[in-house]
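This report concerns only the one structure given below.
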Amino acid sequence: MQYHADPRRIPLPTLRKPTASDGADIWELVRSCRPLDENSMYCNLLQCDHFADTCVLAELSGEAVGWISAYVMPNDPETLFVWQVAVSEKARGRGLGALMLQSIMQREACEGVTRLQTTITADNDASWALFRKFAKLQDSGLDIQPYYTQALHFQDRHKTENLVTIPLDERAQLAA
């Protein structure tokens, strides 16, 4: 008989802003979370350095177990765009993704944010569940429309990415 630890008894990870020295660990975490698209290690390092105020790293006993890369849109400072969410197998099933999103939304860098956006392929059940849960926590819903299409943008090498927008009213922003 195989023993599985009760996830409710495992301590919650620590959430913090990343630093440039976290880039390699984040790159390894993303690589372990198939089928996430891998960025270069350099890209993850830049995210940690240049976008630390809108990214979050979750650690458990010093190990990277969760990561969200996001940024406030340069042409629309009211929109936080979530680029990537990674949660290691050992930290799944505990609401870590929603906790990480809420921690970003509570930061000064997101003070003027009134909507969250991301893109999700139709078959990414984990992302749909996370963003539906986050929208519900914000007392909001999802606006969904095709954005980067398989034929036009990806030349049939990647599935269509649907743009998901979660409006955040002032009350929801305060609760985040």
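Simple scheme: letters A, B, ... for chains in structure tokens order, numbers from 1 for residues in each chain, numbers from 1 for ligands in the order shown.
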Within 6 Å of Gly66 in chain A, counting only C-alpha atoms, which residues show up once you throw out same-chain ones fewer than 2 positions away? Write them as a ChimeraX atom specification, please.
/A:57-58,64,86-87
For the structure I just gave you, how does DSSP split chain A - specifically, which residues are helix (DSSP H, G or I)? Reply as a PyMOL selection string.
chain A and resi 7-9+20-32+41-50+52-54+89-91+96-105+108-110+125-137+170-175
Nearest residue to Ser103 in chain A out of A:Leu15, A:Val82, A:Ala52, A:Leu142, using only C-alpha atoms?
A:Leu15
Just list as a PyMOL selection string whatever in chain A DSSP marks as strand (DSSP E).
chain A and resi 14-16+56-60+63-73+76-87+115-121+143-148+161-167
Write a file of the just-selected residues containing N, CA and C atoms, as a compact mmCIF listing (two decimals), in the first residue's frame.
```
# COMPACT_ATOMS: atom_id res chain seq x y z
N THR A 14 5.76 29.65 1.11
CA THR A 14 6.01 31.07 1.31
C THR A 14 5.94 31.75 -0.05
N LEU A 15 5.25 32.88 -0.12
CA LEU A 15 5.14 33.63 -1.36
C LEU A 15 6.00 34.88 -1.27
N ARG A 16 6.75 35.15 -2.34
CA ARG A 16 7.60 36.34 -2.35
C ARG A 16 7.87 36.80 -3.77
N VAL A 56 5.44 36.27 -8.90
CA VAL A 56 5.50 35.69 -7.56
C VAL A 56 6.13 34.31 -7.62
N LEU A 57 6.93 34.03 -6.60
CA LEU A 57 7.57 32.73 -6.44
C LEU A 57 7.05 32.12 -5.15
N ALA A 58 6.63 30.86 -5.21
CA ALA A 58 6.20 30.12 -4.02
C ALA A 58 7.29 29.11 -3.69
N GLU A 59 7.71 29.11 -2.43
CA GLU A 59 8.76 28.20 -1.98
C GLU A 59 8.28 27.36 -0.81
N LEU A 60 8.71 26.12 -0.80
CA LEU A 60 8.43 25.21 0.29
C LEU A 60 9.76 24.59 0.69
N GLU A 63 12.53 25.28 -1.73
CA GLU A 63 12.38 24.78 -3.09
C GLU A 63 11.27 25.54 -3.81
N ALA A 64 11.52 25.92 -5.07
CA ALA A 64 10.51 26.59 -5.88
C ALA A 64 9.41 25.58 -6.23
N VAL A 65 8.17 25.88 -5.77
CA VAL A 65 7.04 24.98 -6.05
C VAL A 65 5.91 25.69 -6.78
N GLY A 66 6.03 27.00 -6.96
CA GLY A 66 5.02 27.74 -7.68
C GLY A 66 5.59 29.01 -8.28
N TRP A 67 5.03 29.43 -9.40
CA TRP A 67 5.55 30.60 -10.11
C TRP A 67 4.44 31.20 -10.96
N ILE A 68 4.32 32.50 -10.90
CA ILE A 68 3.47 33.22 -11.84
C ILE A 68 4.29 34.38 -12.39
N SER A 69 4.35 34.44 -13.72
CA SER A 69 4.94 35.61 -14.36
C SER A 69 3.79 36.44 -14.92
N ALA A 70 3.84 37.73 -14.64
CA ALA A 70 2.79 38.64 -15.07
C ALA A 70 3.39 40.03 -15.22
N TYR A 71 2.67 40.90 -15.88
CA TYR A 71 3.13 42.29 -16.03
C TYR A 71 1.93 43.18 -16.28
N VAL A 72 2.06 44.43 -15.88
CA VAL A 72 1.05 45.43 -16.21
C VAL A 72 1.31 45.82 -17.66
N MET A 73 0.26 45.80 -18.47
CA MET A 73 0.41 46.06 -19.90
C MET A 73 0.95 47.47 -20.13
N ASP A 76 -1.67 49.68 -21.53
CA ASP A 76 -2.93 49.68 -20.78
C ASP A 76 -2.64 49.41 -19.31
N PRO A 77 -2.29 50.44 -18.54
CA PRO A 77 -1.89 50.26 -17.15
C PRO A 77 -3.00 49.77 -16.22
N GLU A 78 -4.21 49.59 -16.75
CA GLU A 78 -5.29 49.03 -15.93
C GLU A 78 -5.40 47.52 -16.08
N THR A 79 -4.53 46.93 -16.91
CA THR A 79 -4.59 45.49 -17.17
C THR A 79 -3.33 44.78 -16.71
N LEU A 80 -3.52 43.77 -15.88
CA LEU A 80 -2.43 42.86 -15.51
C LEU A 80 -2.54 41.66 -16.42
N PHE A 81 -1.48 41.38 -17.19
CA PHE A 81 -1.47 40.21 -18.07
C PHE A 81 -0.67 39.10 -17.40
N VAL A 82 -1.30 37.96 -17.20
CA VAL A 82 -0.63 36.79 -16.61
C VAL A 82 -0.07 35.95 -17.74
N TRP A 83 1.25 35.86 -17.77
CA TRP A 83 1.94 35.16 -18.85
C TRP A 83 1.97 33.66 -18.58
N GLN A 84 2.37 33.26 -17.39
CA GLN A 84 2.55 31.83 -17.14
C GLN A 84 2.32 31.51 -15.67
N VAL A 85 1.71 30.36 -15.44
CA VAL A 85 1.49 29.84 -14.08
C VAL A 85 2.06 28.43 -14.03
N ALA A 86 2.90 28.18 -13.04
CA ALA A 86 3.47 26.84 -12.85
C ALA A 86 3.34 26.46 -11.38
N VAL A 87 2.82 25.26 -11.14
CA VAL A 87 2.73 24.72 -9.78
C VAL A 87 3.24 23.29 -9.84
N ARG A 115 -8.50 45.03 -14.41
CA ARG A 115 -8.81 43.78 -15.10
C ARG A 115 -7.57 42.91 -15.16
N LEU A 116 -7.79 41.61 -15.16
CA LEU A 116 -6.72 40.64 -15.33
C LEU A 116 -6.97 39.94 -16.65
N GLN A 117 -5.91 39.74 -17.42
CA GLN A 117 -6.02 39.00 -18.68
C GLN A 117 -4.97 37.91 -18.73
N THR A 118 -5.30 36.88 -19.48
CA THR A 118 -4.36 35.80 -19.77
C THR A 118 -4.83 35.15 -21.06
N THR A 119 -4.03 34.25 -21.60
CA THR A 119 -4.49 33.44 -22.73
C THR A 119 -4.41 31.98 -22.32
N ILE A 120 -5.40 31.21 -22.79
CA ILE A 120 -5.49 29.79 -22.44
C ILE A 120 -5.95 29.01 -23.66
N THR A 121 -5.31 27.87 -23.93
CA THR A 121 -5.77 26.98 -24.98
C THR A 121 -7.01 26.23 -24.48
N ASP A 143 -14.60 36.78 -19.55
CA ASP A 143 -14.92 37.13 -20.93
C ASP A 143 -13.89 36.39 -21.78
N ILE A 144 -14.34 35.58 -22.73
CA ILE A 144 -13.45 34.70 -23.49
C ILE A 144 -13.63 34.96 -24.98
N GLN A 145 -12.48 35.13 -25.69
CA GLN A 145 -12.53 35.26 -27.14
C GLN A 145 -11.21 34.77 -27.75
N PRO A 146 -11.27 34.16 -28.94
CA PRO A 146 -10.03 33.74 -29.60
C PRO A 146 -9.11 34.95 -29.76
N TYR A 147 -7.81 34.73 -29.57
CA TYR A 147 -6.87 35.86 -29.63
C TYR A 147 -5.73 35.56 -30.60
N TYR A 148 -4.85 34.68 -30.21
CA TYR A 148 -3.79 34.23 -31.13
C TYR A 148 -4.27 32.91 -31.70
N GLU A 161 -4.85 30.37 -28.74
CA GLU A 161 -4.85 30.91 -27.38
C GLU A 161 -6.05 31.84 -27.27
N ASN A 162 -6.93 31.52 -26.33
CA ASN A 162 -8.12 32.34 -26.08
C ASN A 162 -7.78 33.42 -25.07
N LEU A 163 -8.15 34.66 -25.37
CA LEU A 163 -7.95 35.76 -24.44
C LEU A 163 -9.05 35.71 -23.39
N VAL A 164 -8.63 35.60 -22.14
CA VAL A 164 -9.55 35.55 -21.01
C VAL A 164 -9.38 36.84 -20.23
N THR A 165 -10.48 37.56 -20.04
CA THR A 165 -10.46 38.81 -19.29
C THR A 165 -11.36 38.65 -18.07
N ILE A 166 -10.82 39.04 -16.91
CA ILE A 166 -11.58 39.03 -15.67
C ILE A 166 -11.68 40.47 -15.20
N PRO A 167 -12.86 41.08 -15.30
CA PRO A 167 -13.03 42.44 -14.80
C PRO A 167 -12.97 42.43 -13.27
```
Have a look at CA of Gly23 in chain A and CA of Gly95 in chain A and let me know their distance in Å, one decimal.
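The value is 23.5 Å.
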